[in-house]
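Source file: structure02.cif (mmCIF, C-alpha atoms)
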```
data_run
loop_
_atom_site.label_atom_id
_atom_site.label_comp_id
_atom_site.auth_asym_id
_atom_site.auth_seq_id
_atom_site.Cartn_x
_atom_site.Cartn_y
_atom_site.Cartn_z
CA MET A 1 0.00 0.00 0.00
CA SER A 2 1.25 3.45 -0.84
CA THR A 3 0.13 6.69 0.62
CA PRO A 4 0.39 10.22 -0.66
CA ASN A 5 3.16 10.71 1.89
CA GLY A 6 5.41 8.02 0.48
CA PRO A 7 5.97 4.30 0.75
CA ASP A 8 3.77 1.88 2.64
CA PRO A 9 3.93 2.85 6.32
CA ILE A 10 3.32 -0.75 7.31
CA GLY A 11 6.45 -1.66 5.41
CA ARG A 12 8.38 0.82 7.47
CA LEU A 13 6.92 -0.59 10.66
CA ARG A 14 7.73 -4.09 9.46
CA ALA A 15 11.33 -3.07 8.91
CA ALA A 16 11.36 -1.72 12.46
CA ASP A 17 10.46 -5.10 13.95
CA PRO A 18 12.39 -5.00 17.23
CA ILE A 19 12.93 -8.74 17.38
CA ARG A 20 12.79 -11.05 14.42
CA VAL A 21 11.75 -14.62 15.00
CA THR A 22 15.16 -15.86 13.91
CA ASP A 23 16.83 -13.56 16.43
CA VAL A 24 15.04 -14.83 19.49
CA PRO A 25 17.76 -15.53 22.07
CA ALA A 26 18.51 -19.22 22.46
CA ALA A 27 19.00 -18.75 26.19
CA SER A 28 15.48 -17.38 26.48
CA LEU A 29 14.09 -20.31 24.55
CA ALA A 30 15.93 -22.66 26.85
CA ARG A 31 14.49 -20.96 29.93
CA VAL A 32 10.97 -21.15 28.49
CA SER A 33 11.55 -24.79 27.61
CA ALA A 34 12.74 -25.62 31.11
CA SER A 35 9.71 -23.90 32.59
CA ILE A 36 7.34 -25.83 30.33
CA GLN A 37 9.01 -29.11 31.14
CA GLU A 38 8.66 -28.46 34.82
CA HIS A 39 5.03 -27.56 34.35
CA ILE A 40 4.21 -30.66 32.34
CA VAL A 41 6.05 -33.04 34.61
CA THR A 42 4.28 -31.53 37.62
CA ASP A 43 0.95 -31.67 35.84
CA ILE A 44 1.42 -35.28 34.83
CA GLN A 45 2.57 -36.32 38.28
CA HIS A 46 -0.42 -34.54 39.78
CA THR A 47 -2.77 -36.21 37.31
CA SER A 48 -1.39 -39.63 38.03
CA THR A 49 -1.63 -38.94 41.75
CA VAL A 50 -5.21 -37.72 41.86
CA ALA A 51 -6.59 -40.08 39.23
CA PRO A 52 -8.26 -43.15 40.65
CA ALA A 53 -5.51 -45.69 40.37
CA ARG A 54 -5.94 -49.42 40.32
CA ARG A 55 -2.50 -49.68 41.81
CA PRO A 56 0.12 -47.29 43.10
CA PHE A 57 1.56 -46.73 39.64
CA ALA A 58 -1.25 -46.75 37.14
CA ILE A 59 -0.24 -47.34 33.56
CA PHE A 60 -1.12 -43.87 32.45
CA GLY A 61 0.77 -42.24 35.26
CA GLY A 62 3.79 -44.31 34.55
CA LEU A 63 3.67 -43.80 30.84
CA ALA A 64 3.08 -40.13 31.27
CA ALA A 65 6.09 -39.89 33.53
CA ALA A 66 8.12 -41.70 30.94
CA ALA A 67 6.85 -39.49 28.19
CA ALA A 68 7.54 -36.44 30.29
CA LEU A 69 11.09 -37.57 30.71
CA ALA A 70 11.29 -38.07 27.00
CA LEU A 71 9.81 -34.63 26.59
CA ALA A 72 12.82 -33.33 28.43
CA ILE A 73 14.94 -34.65 25.61
CA ALA A 74 12.74 -33.26 22.90
CA LEU A 75 12.46 -29.82 24.40
CA GLY A 76 15.89 -29.65 25.87
CA SER A 77 17.69 -30.59 22.71
CA GLY A 78 15.77 -28.46 20.29
CA PHE A 79 17.65 -25.23 20.78
CA GLY A 80 21.21 -26.20 20.24
CA VAL A 81 22.02 -25.09 23.75
CA GLN A 82 22.23 -26.78 27.08
CA SER A 83 19.22 -25.86 29.11
CA PRO A 84 19.85 -24.40 32.52
CA GLY A 85 20.32 -27.06 35.11
CA SER A 86 20.52 -29.90 32.65
CA VAL A 87 22.63 -32.89 33.33
CA GLY A 88 23.89 -35.74 31.25
CA ALA A 89 21.66 -38.75 31.45
CA ASN A 90 24.44 -41.06 32.39
CA PRO A 91 27.59 -39.35 33.49
CA ASN A 92 29.44 -42.63 33.28
CA ASP A 93 28.88 -42.90 29.57
CA PRO A 94 27.97 -39.62 27.95
CA GLY A 95 28.43 -41.06 24.50
CA ASN A 96 25.79 -43.70 25.00
CA PRO A 97 22.72 -42.76 22.95
CA ALA A 98 20.52 -44.36 25.52
CA ALA A 99 22.08 -42.14 28.09
CA GLY A 100 21.03 -39.02 26.30
CA GLY A 101 24.46 -38.30 24.93
CA GLY A 102 25.02 -36.22 21.85
CA MET A 103 22.08 -33.95 21.15
CA ALA A 104 19.98 -35.20 23.99
CA SER A 105 19.86 -33.35 27.25
CA CYS A 106 17.94 -35.09 29.99
CA LEU A 107 16.95 -32.43 32.40
CA VAL A 108 15.52 -34.64 35.06
CA TYR A 109 17.81 -37.65 35.20
CA ASP A 110 18.58 -38.55 38.76
CA PRO A 111 18.93 -42.10 40.09
CA ALA A 112 16.89 -40.93 43.07
CA ASN A 113 13.90 -40.91 40.71
CA LEU A 114 14.22 -44.63 40.01
CA PRO A 115 11.90 -45.75 42.81
CA THR A 116 9.11 -43.70 41.24
CA PHE A 117 8.97 -46.01 38.21
CA ASP A 118 6.80 -49.09 37.95
CA VAL A 119 9.55 -51.40 36.80
CA VAL A 120 13.29 -51.22 37.45
CA PHE A 121 15.72 -54.03 36.79
CA ASP A 122 18.99 -55.29 35.37
CA GLY A 123 18.14 -57.73 32.60
CA THR A 124 19.38 -59.63 29.61
CA VAL A 125 17.34 -59.73 26.41
CA THR A 126 16.13 -63.19 25.47
CA ALA A 127 13.83 -62.25 22.58
CA VAL A 128 12.90 -59.30 20.40
CA ASP A 129 9.66 -59.39 18.43
CA GLY A 130 8.89 -56.09 16.80
CA ASP A 131 8.55 -53.60 19.62
CA GLN A 132 8.16 -56.39 22.19
CA VAL A 133 11.35 -57.08 24.12
CA THR A 134 11.63 -59.96 26.56
CA PHE A 135 14.19 -59.82 29.34
CA GLU A 136 15.53 -62.35 31.78
CA VAL A 137 15.79 -60.37 34.99
CA ASN A 138 19.23 -60.56 36.58
CA ASP A 139 18.49 -58.20 39.41
CA GLY A 140 14.99 -56.90 39.90
CA TRP A 141 14.73 -53.83 42.05
CA LYS A 142 11.08 -53.17 41.43
CA GLY A 143 8.21 -54.77 39.56
CA ALA A 144 10.29 -57.35 37.74
CA ASP A 145 11.17 -60.94 38.51
CA GLY A 146 12.10 -63.88 36.34
CA SER A 147 11.09 -63.00 32.79
CA ILE A 148 9.34 -59.86 31.66
CA THR A 149 8.20 -58.61 28.27
CA LEU A 150 8.01 -54.88 27.70
CA THR A 151 7.21 -52.56 24.83
CA ALA A 152 10.00 -50.50 23.33
CA PRO A 153 8.89 -46.91 22.70
CA ASP A 154 8.18 -45.71 19.21
CA ALA A 155 11.45 -44.31 17.97
CA ASP A 156 9.64 -42.18 15.39
CA ILE A 157 8.21 -39.95 18.08
CA ALA A 158 10.66 -37.25 18.95
CA LEU A 159 9.33 -37.11 22.47
CA VAL A 160 10.41 -40.60 23.23
CA GLY A 161 14.09 -39.97 22.83
CA PRO A 162 16.81 -42.54 22.36
CA THR A 163 16.79 -45.99 23.86
CA PRO A 164 19.35 -48.75 23.48
CA ASP A 165 19.24 -50.87 20.37
CA PHE A 166 17.98 -53.98 22.11
CA ALA A 167 19.62 -57.18 20.91
CA VAL A 168 19.26 -60.73 22.09
CA GLY A 169 22.01 -61.47 24.59
CA GLY A 170 22.52 -57.83 25.43
CA ARG A 171 22.40 -56.72 29.04
CA TYR A 172 20.65 -53.53 30.03
CA LEU A 173 19.54 -51.46 32.96
CA VAL A 174 15.85 -50.95 32.36
CA THR A 175 13.01 -48.91 33.74
CA ALA A 176 9.47 -49.01 32.48
CA ALA A 177 6.29 -47.13 33.01
CA GLY A 178 3.56 -49.69 32.96
CA SER A 179 4.66 -51.94 30.15
CA THR A 180 6.51 -49.27 28.20
CA ILE A 181 10.27 -48.94 28.43
CA ASN A 182 11.50 -45.52 29.49
CA ALA A 183 14.07 -43.51 27.62
CA CYS A 184 16.08 -40.46 28.58
CA GLY A 185 18.85 -42.29 30.37
CA TYR A 186 16.46 -44.37 32.41
CA THR A 187 17.16 -47.35 30.20
CA LEU A 188 20.70 -47.93 29.13
CA ASP A 189 23.29 -50.46 28.16
CA TYR A 190 24.50 -52.26 31.28
CA ASP A 191 27.18 -50.37 33.10
CA ALA A 192 28.59 -51.66 36.39
CA GLY A 193 28.96 -48.21 37.89
CA ALA A 194 25.45 -47.21 36.95
CA ALA A 195 24.15 -50.50 38.29
CA VAL A 196 25.68 -49.68 41.68
CA ASP A 197 23.93 -46.30 41.61
CA TRP A 198 20.64 -47.91 40.66
CA ALA A 199 20.93 -50.51 43.41
CA ALA A 200 21.77 -47.77 45.91
CA ALA A 201 18.56 -45.97 44.96
CA PHE A 202 16.65 -48.88 46.43
CA ALA A 203 18.87 -49.45 49.44
CA GLY A 204 17.22 -48.75 52.75
CA MET B 1 -6.57 -42.27 29.05
CA THR B 2 -4.70 -44.95 27.18
CA ASP B 3 -1.00 -45.27 26.53
CA THR B 4 -1.55 -44.29 22.93
CA THR B 5 -3.54 -41.17 23.64
CA SER B 6 -1.17 -39.90 26.30
CA THR B 7 1.81 -40.49 24.08
CA SER B 8 0.15 -38.83 21.11
CA ARG B 9 -0.83 -35.90 23.31
CA LEU B 10 2.79 -35.35 24.26
CA ALA B 11 3.87 -35.82 20.68
CA ARG B 12 1.37 -33.25 19.52
CA PHE B 13 2.48 -30.76 22.14
CA ASP B 14 6.09 -31.39 21.27
CA ALA B 15 5.37 -30.59 17.63
CA LEU B 16 3.39 -27.50 18.58
CA PHE B 17 6.10 -26.21 20.88
CA THR B 18 8.91 -26.96 18.47
CA GLU B 19 7.22 -25.20 15.59
CA HIS B 20 5.89 -22.13 17.35
CA GLN B 21 8.12 -21.46 20.36
CA ARG B 22 10.11 -18.77 18.58
CA HIS B 23 7.02 -17.01 17.28
CA VAL B 24 5.36 -16.91 20.67
CA LEU B 25 8.48 -15.71 22.44
CA ALA B 26 9.05 -13.06 19.77
CA TYR B 27 5.43 -11.95 20.16
CA ALA B 28 5.96 -11.56 23.90
CA MET B 29 9.31 -9.82 23.50
CA ARG B 30 7.79 -7.24 21.18
CA ARG B 31 5.25 -6.30 23.83
CA ALA B 32 6.70 -7.03 27.26
CA GLN B 33 8.78 -4.55 29.14
CA THR B 34 11.58 -6.89 30.10
CA LEU B 35 13.08 -10.08 28.74
CA ALA B 36 12.11 -11.91 31.91
CA ASP B 37 8.52 -10.79 31.47
CA ALA B 38 8.51 -12.02 27.88
CA GLU B 39 9.85 -15.40 28.92
CA ASP B 40 7.20 -15.66 31.62
CA VAL B 41 4.47 -14.83 29.12
CA ALA B 42 5.72 -17.40 26.62
CA ALA B 43 6.02 -20.08 29.28
CA GLU B 44 2.53 -19.38 30.62
CA THR B 45 1.14 -19.40 27.10
CA PHE B 46 2.50 -22.86 26.44
CA ALA B 47 1.44 -24.07 29.86
CA ILE B 48 -2.12 -23.09 28.92
CA ALA B 49 -1.64 -24.72 25.53
CA TRP B 50 -0.68 -27.93 27.28
CA ARG B 51 -3.80 -27.86 29.42
CA LYS B 52 -6.08 -26.96 26.51
CA LEU B 53 -4.37 -28.95 23.80
CA ASP B 54 -7.59 -30.44 22.55
CA ALA B 55 -9.06 -26.98 21.94
CA ILE B 56 -6.21 -25.78 19.73
CA PRO B 57 -6.99 -25.68 16.02
CA THR B 58 -4.88 -28.27 14.28
CA THR B 59 -4.71 -26.48 10.96
CA GLU B 60 -3.53 -23.08 12.19
CA PRO B 61 -2.61 -23.02 15.87
CA LEU B 62 -0.47 -19.88 15.88
CA PRO B 63 -3.33 -17.33 16.09
CA TRP B 64 -4.74 -19.34 18.98
CA LEU B 65 -1.38 -19.17 20.73
CA TYR B 66 -1.15 -15.43 20.07
CA ALA B 67 -4.63 -14.94 21.49
CA VAL B 68 -3.61 -16.75 24.66
CA ALA B 69 -0.35 -14.83 24.86
CA ARG B 70 -2.28 -11.60 24.48
CA ARG B 71 -4.46 -12.42 27.48
CA VAL B 72 -1.49 -13.63 29.51
CA LEU B 73 0.34 -10.42 28.69
CA ALA B 74 -2.65 -8.34 29.78
CA ASN B 75 -2.80 -10.21 33.08
CA HIS B 76 0.92 -9.83 33.48
CA ARG B 77 0.71 -6.09 32.95
CA ARG B 78 -2.05 -5.80 35.51
CA GLY B 79 0.09 -7.74 37.98
CA THR B 80 3.11 -5.63 37.16
CA GLY B 81 1.07 -2.50 37.69
CA ARG B 82 0.02 -3.68 41.11
CA ARG B 83 3.60 -4.55 42.02
CA GLU B 84 4.87 -1.20 40.80
CA ARG B 85 2.25 0.65 42.79
CA LEU B 86 3.16 -1.35 45.87
CA ALA B 87 6.87 -0.79 45.24
CA ALA B 88 6.20 2.93 44.97
CA LEU B 89 4.37 2.86 48.28
CA LEU B 90 7.23 0.97 49.89
CA ARG B 91 9.83 3.02 48.04
CA VAL B 92 11.39 -0.11 46.65
CA GLU B 93 13.52 0.54 43.62
CA ASP B 94 14.38 -2.91 42.37
CA ALA B 95 11.93 -3.10 39.51
CA PRO B 96 13.19 -5.06 36.49
CA THR B 97 15.37 -3.04 34.19
CA PRO B 98 13.73 -2.49 30.82
CA MET B 99 15.70 -3.57 27.82
CA ARG B 100 17.70 -0.78 26.27
CA ALA B 101 16.65 0.68 22.95
CA GLY B 102 18.99 -0.26 20.14
CA ASP B 103 20.73 2.43 18.16
CA ASP B 104 19.27 1.16 14.91
CA LEU B 105 15.62 1.38 15.90
CA ASP B 106 13.38 3.53 13.78
CA GLY B 107 12.50 6.15 16.37
CA PRO B 108 9.90 8.00 14.30
CA ALA B 109 8.11 4.76 13.45
CA PHE B 110 7.89 3.79 17.10
CA ALA B 111 6.85 7.28 18.12
CA ALA B 112 4.11 7.24 15.50
CA LEU B 113 2.97 3.83 16.69
CA ALA B 114 2.97 4.95 20.31
CA SER B 115 0.76 7.91 19.46
CA LEU B 116 -2.05 5.58 18.37
CA SER B 117 -4.64 3.87 20.54
CA PRO B 118 -3.64 0.51 22.05
CA ALA B 119 -6.13 -1.22 19.74
CA ASP B 120 -4.61 0.41 16.65
CA GLN B 121 -1.12 -0.42 17.87
CA GLU B 122 -1.95 -4.07 18.33
CA LEU B 123 -3.58 -4.34 14.92
CA LEU B 124 -0.56 -2.83 13.22
CA ARG B 125 1.87 -4.95 15.18
CA LEU B 126 -0.01 -8.11 14.24
CA VAL B 127 0.18 -7.12 10.58
CA ALA B 128 3.74 -5.83 10.48
CA TRP B 129 5.55 -7.97 13.01
CA GLU B 130 3.54 -11.17 13.30
CA GLU B 131 2.70 -10.92 9.57
CA LEU B 132 -0.85 -12.15 10.03
CA GLY B 133 -3.70 -11.83 7.57
CA ASN B 134 -7.15 -10.53 8.43
CA GLN B 135 -8.53 -13.99 9.12
CA GLN B 136 -5.72 -14.78 11.53
CA ILE B 137 -5.93 -11.40 13.24
CA ALA B 138 -9.64 -11.97 13.70
CA ALA B 139 -8.84 -15.20 15.50
CA VAL B 140 -6.33 -13.46 17.75
CA LEU B 141 -8.61 -10.56 18.66
CA GLY B 142 -11.89 -12.43 18.70
CA ILE B 143 -13.58 -10.24 16.12
CA THR B 144 -14.74 -10.82 12.57
CA PRO B 145 -12.37 -10.59 9.61
CA ASN B 146 -14.58 -7.84 8.23
CA ALA B 147 -14.14 -5.83 11.40
CA VAL B 148 -10.41 -6.39 11.15
CA ALA B 149 -10.37 -5.05 7.61
CA ILE B 150 -12.26 -1.91 8.58
CA ARG B 151 -10.24 -1.22 11.71
CA LEU B 152 -7.00 -1.95 9.92
CA HIS B 153 -7.81 0.46 7.13
CA ARG B 154 -8.38 3.23 9.65
CA ALA B 155 -5.38 2.30 11.80
CA ARG B 156 -3.14 2.27 8.77
CA ALA B 157 -4.28 5.75 7.78
CA ARG B 158 -3.81 7.07 11.31
CA PHE B 159 -0.34 5.54 11.45
CA ALA B 160 0.60 7.09 8.11
CA ASP B 161 -0.53 10.49 9.39
CA ALA B 162 1.34 10.06 12.64
CA LEU B 163 4.43 8.94 10.79
CA ALA B 164 4.24 11.96 8.53
CA GLY B 165 3.95 14.14 11.61
CA GLU B 166 6.95 12.46 13.19
CA SER B 167 8.95 12.95 10.02
CA ARG B 168 8.13 16.65 10.04
CA GLU B 169 9.24 16.80 13.68
CA ASP B 170 12.45 15.09 12.70
CA VAL B 171 13.19 17.74 10.11
CA LYS B 172 12.67 20.44 12.71
CA ASP B 173 14.65 18.66 15.40
CA PRO B 174 16.95 16.00 14.00
CA GLY B 175 18.56 15.24 17.35
CA PRO B 176 19.73 11.77 18.34
CA SER B 177 17.12 11.52 21.07
CA ARG B 178 14.38 10.49 18.62
CA THR B 179 15.06 6.83 19.23
CA SER B 180 14.42 7.02 22.93
CA VAL B 181 11.38 9.21 22.36
CA GLY B 182 10.04 6.55 20.05
CA VAL B 183 10.11 3.99 22.81
CA LYS B 184 7.78 5.99 25.01
CA GLY B 185 4.31 4.56 25.17
CA THR B 186 5.14 1.27 23.54
CA HIS B 187 6.25 -1.98 25.08
CA GLY B 188 8.86 -4.44 24.14
CA VAL B 189 10.90 -2.37 21.72
CA GLY B 190 14.64 -2.22 21.83
CA TRP B 191 15.45 -5.91 21.68
CA LYS B 192 18.16 -5.70 19.07
CA GLY B 193 21.48 -6.40 20.62
CA VAL B 194 20.07 -8.84 23.14
CA ALA B 195 22.75 -11.37 23.93
CA LYS B 196 21.93 -14.72 22.45
#
```
Just give me the structure as structure tokens.
Amino acid sequence: MSTPNGPDPIGRLRAADPIRVTDVPAASLARVSASIQEHIVTDIQHTSTVAPARRPFAIFGGLAAAAALALAIALGSGFGVQSPGSVGANPNDPGNPAAGGGMASCLVYDPANLPTFDVVFDGTVTAVDGDQVTFEVNDGWKGADGSITLTAPDADIALVGPTPDFAVGGRYLVTAAGSTINACGYTLDYDAGAAVDWAAAFAG
Amino acid sequence: MTDTTSTSRLARFDALFTEHQRHVLAYAMRRAQTLADAEDVAAETFAIAWRKLDAIPTTEPLPWLYAVARRVLANHRRGTGRRERLAALLRVEDAPTPMRAGDDLDGPAFAALASLSPADQELLRLVAWEELGNQQIAAVLGITPNAVAIRLHRARARFADALAGESREDVKDPGPSRTSVGVKGTHGVGWKGVAK
């Protein structure tokens, strides 16, 4: 639009945009992301707490917690910066994809959280059938004994984040929410040091 | 809720956040007085989006997000006003520091914008900075696209007049203070140079 006074005034205002979308500070995005993650995790935990549960860890609550943890990866890794307060998923093996190495940034990984999951164990894979993974439990800290079959999360969903590439004979430290295996460093290739930490989380 | 629905809900939110986070934060930065305020507004907007995910239009969610951000911003300003009045009563002088105005801001353009009514300002910002069409602006403001077209036509004319007036003032008084004058009465300007 032109006016008798000259070029389009909207064009001039457009050129005066004080902050272009591409110039939004990454640190600000990271702070917003961290705030949202905290909100969602709190909301999900609240939902799973107040919802009528058939058992202490209802499937939805557990899955939601797992997904929220995965959300930490998705949101925390989207900005190319380390979000404030983030920690590596597995400090013993930062290169392990399952541990959230590389792009992933698990904001809420803490072995102290392990008792909040439905299923926690050290296991060896005996069969893989599609997304169904069967483990022989070597050391079951919670909700697992003998043999257990769990569902690997859908790797196509960004929220889920990386999990180990389960192979028959492989040994893993596993957590699950309901019947779904958690990601975000809460399921990883077996590591003796991490196993000690996981066992300690259930001591006492 | 089943495993599938809860997972898909998170996946949908993830996609929404990933695609629109920058737009929403930019929207807030253009209007808030401080960077911290803008971040708060963006975070609250997405928190509401999470709670009301099922109500968000799937085809074009951004105007919905802007509409929420607009209400959050209004609430935030009311809260800030209360805090500032209380701080004045208590003689507390630790209010957040507004972002500085950049040297390359178009002072006359901002001054012209600031001289308009808040409704005109918001219309013009949505057109120029958020680059929305009438239909999208209608969704943000909760009015009809026809009303948007009419109001926009008038706002554009008033802005052109104000800009012409500012330009005449510039010729009379071409001092360097025009930039800071332009900031008066508007919010969220002066973000260039923000450390990334």
Just checking: using all atoms listed in the file, which residue out of B:Ala128, B:Arg31, B:Leu62, B:Phe110 ends up closest to chain A? B:Ala128
Picked residues, the PyMOL selection byres ((chain B and resi 13) around 10), expected as a short mmCIF file (atom, residue, chain, number, x, y, z; two decimals) with C-alpha atoms, in the coordinates of the input:
```cif
data_model
loop_
_atom_site.label_atom_id
_atom_site.label_comp_id
_atom_site.auth_asym_id
_atom_site.auth_seq_id
_atom_site.Cartn_x
_atom_site.Cartn_y
_atom_site.Cartn_z
CA LEU A 71 9.81 -34.63 26.59
CA LEU A 159 9.33 -37.11 22.47
CA THR B 7 1.81 -40.49 24.08
CA SER B 8 0.15 -38.83 21.11
CA ARG B 9 -0.83 -35.90 23.31
CA LEU B 10 2.79 -35.35 24.26
CA ALA B 11 3.87 -35.82 20.68
CA ARG B 12 1.37 -33.25 19.52
CA ASP B 14 6.09 -31.39 21.27
CA ALA B 15 5.37 -30.59 17.63
CA LEU B 16 3.39 -27.50 18.58
CA PHE B 17 6.10 -26.21 20.88
CA THR B 18 8.91 -26.96 18.47
CA GLU B 19 7.22 -25.20 15.59
CA PHE B 46 2.50 -22.86 26.44
CA ALA B 49 -1.64 -24.72 25.53
CA TRP B 50 -0.68 -27.93 27.28
CA LEU B 53 -4.37 -28.95 23.80
#
```
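Between chain A and the residues B:Val68, B:Asp120, B:Val127, B:Val140, the shortest atom-to-atom distance, using all atoms listed in the file, involves B:Val127.
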Suppose you want the space between atom CA of Glu44 of chain B and atom CA of Ala183 of chain A; what is it in Å? 26.9 Å
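Close contacts of Ala162 of chain B, defined as residues with an atom at most 9 Å away when counting all atoms listed in the file, with chain neighbours fewer than 4 positions off set aside, comprise Pro108, Ala109, Ala111, Ala112, Leu113, Ser115, Leu116, Ala157, Arg158, Glu166 and Ser167 of chain B.
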re atom CA of Glu122 of chain B and atom CA of Ala74 of chain B: distance 12.2 Å
So which residues get picked by the PyMOL selection byres ((chain B and resi 21) around 12) here, written as a PyMOL selection string? (chain A and resi 21-22+24-26+28-33+36+75+78-79) or (chain B and resi 13-20+22-28+39+41-47+49+61-62+65-66+69)
Shortest contact to chain A, candidates B:Arg78, B:Arg125, B:Lys52, B:Arg70, atoms counted only C-alpha atoms, goes to B:Arg125
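Straight-line separation from atom CA of Asn182 of chain A to atom CA of Ser35 of chain A: 21.9 Å.
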Explicit residues for the PyMOL selection byres ((chain A and resi 170) around 12) (as a ChimeraX atom specification): /A:122-128,133-138,164-169,171-174,188-191
Option closest in space to chain A, from B:Arg151, B:Arg156, B:Arg168, B:His76 [counting all atoms listed in the file]: B:Arg156
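Here the question is which of B:Gly142, B:Gly79, B:Gly107, B:Pro57 gets nearest to chain A using only C-alpha atoms, and that residue is B:Gly107.
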Residue among B:Val72, B:Ile143, B:Met29, B:Ala138 lying closest to chain A, counting all atoms listed in the file: B:Met29
Quick one: everything within 12 Å of Trp198 of chain A, counting only C-alpha atoms, minus sequence neighbours fewer than 4 positions away in the same chain. Send it as a PDB file with C-alpha atoms, keeping the file's coordinate frame.
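Now in around_34.pdb:
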```pdb
ATOM      1  CA  ASN A  90      24.440 -41.060  32.390  1.00  0.00           C
ATOM      2  CA  TYR A 109      17.810 -37.650  35.200  1.00  0.00           C
ATOM      3  CA  ASP A 110      18.580 -38.550  38.760  1.00  0.00           C
ATOM      4  CA  PRO A 111      18.930 -42.100  40.090  1.00  0.00           C
ATOM      5  CA  ALA A 112      16.890 -40.930  43.070  1.00  0.00           C
ATOM      6  CA  ASN A 113      13.900 -40.910  40.710  1.00  0.00           C
ATOM      7  CA  LEU A 114      14.220 -44.630  40.010  1.00  0.00           C
ATOM      8  CA  PRO A 115      11.900 -45.750  42.810  1.00  0.00           C
ATOM      9  CA  VAL A 120      13.290 -51.220  37.450  1.00  0.00           C
ATOM     10  CA  PHE A 121      15.720 -54.030  36.790  1.00  0.00           C
ATOM     11  CA  ASP A 122      18.990 -55.290  35.370  1.00  0.00           C
ATOM     12  CA  ASP A 139      18.490 -58.200  39.410  1.00  0.00           C
ATOM     13  CA  GLY A 140      14.990 -56.900  39.900  1.00  0.00           C
ATOM     14  CA  TRP A 141      14.730 -53.830  42.050  1.00  0.00           C
ATOM     15  CA  LYS A 142      11.080 -53.170  41.430  1.00  0.00           C
ATOM     16  CA  LEU A 173      19.540 -51.460  32.960  1.00  0.00           C
ATOM     17  CA  VAL A 174      15.850 -50.950  32.360  1.00  0.00           C
ATOM     18  CA  THR A 175      13.010 -48.910  33.740  1.00  0.00           C
ATOM     19  CA  GLY A 185      18.850 -42.290  30.370  1.00  0.00           C
ATOM     20  CA  TYR A 186      16.460 -44.370  32.410  1.00  0.00           C
ATOM     21  CA  THR A 187      17.160 -47.350  30.200  1.00  0.00           C
ATOM     22  CA  LEU A 188      20.700 -47.930  29.130  1.00  0.00           C
ATOM     23  CA  TYR A 190      24.500 -52.260  31.280  1.00  0.00           C
ATOM     24  CA  ASP A 191      27.180 -50.370  33.100  1.00  0.00           C
ATOM     25  CA  ALA A 192      28.590 -51.660  36.390  1.00  0.00           C
ATOM     26  CA  GLY A 193      28.960 -48.210  37.890  1.00  0.00           C
ATOM     27  CA  ALA A 194      25.450 -47.210  36.950  1.00  0.00           C
ATOM     28  CA  PHE A 202      16.650 -48.880  46.430  1.00  0.00           C
ATOM     29  CA  ALA A 203      18.870 -49.450  49.440  1.00  0.00           C
TER      30      ALA A 203
END
```
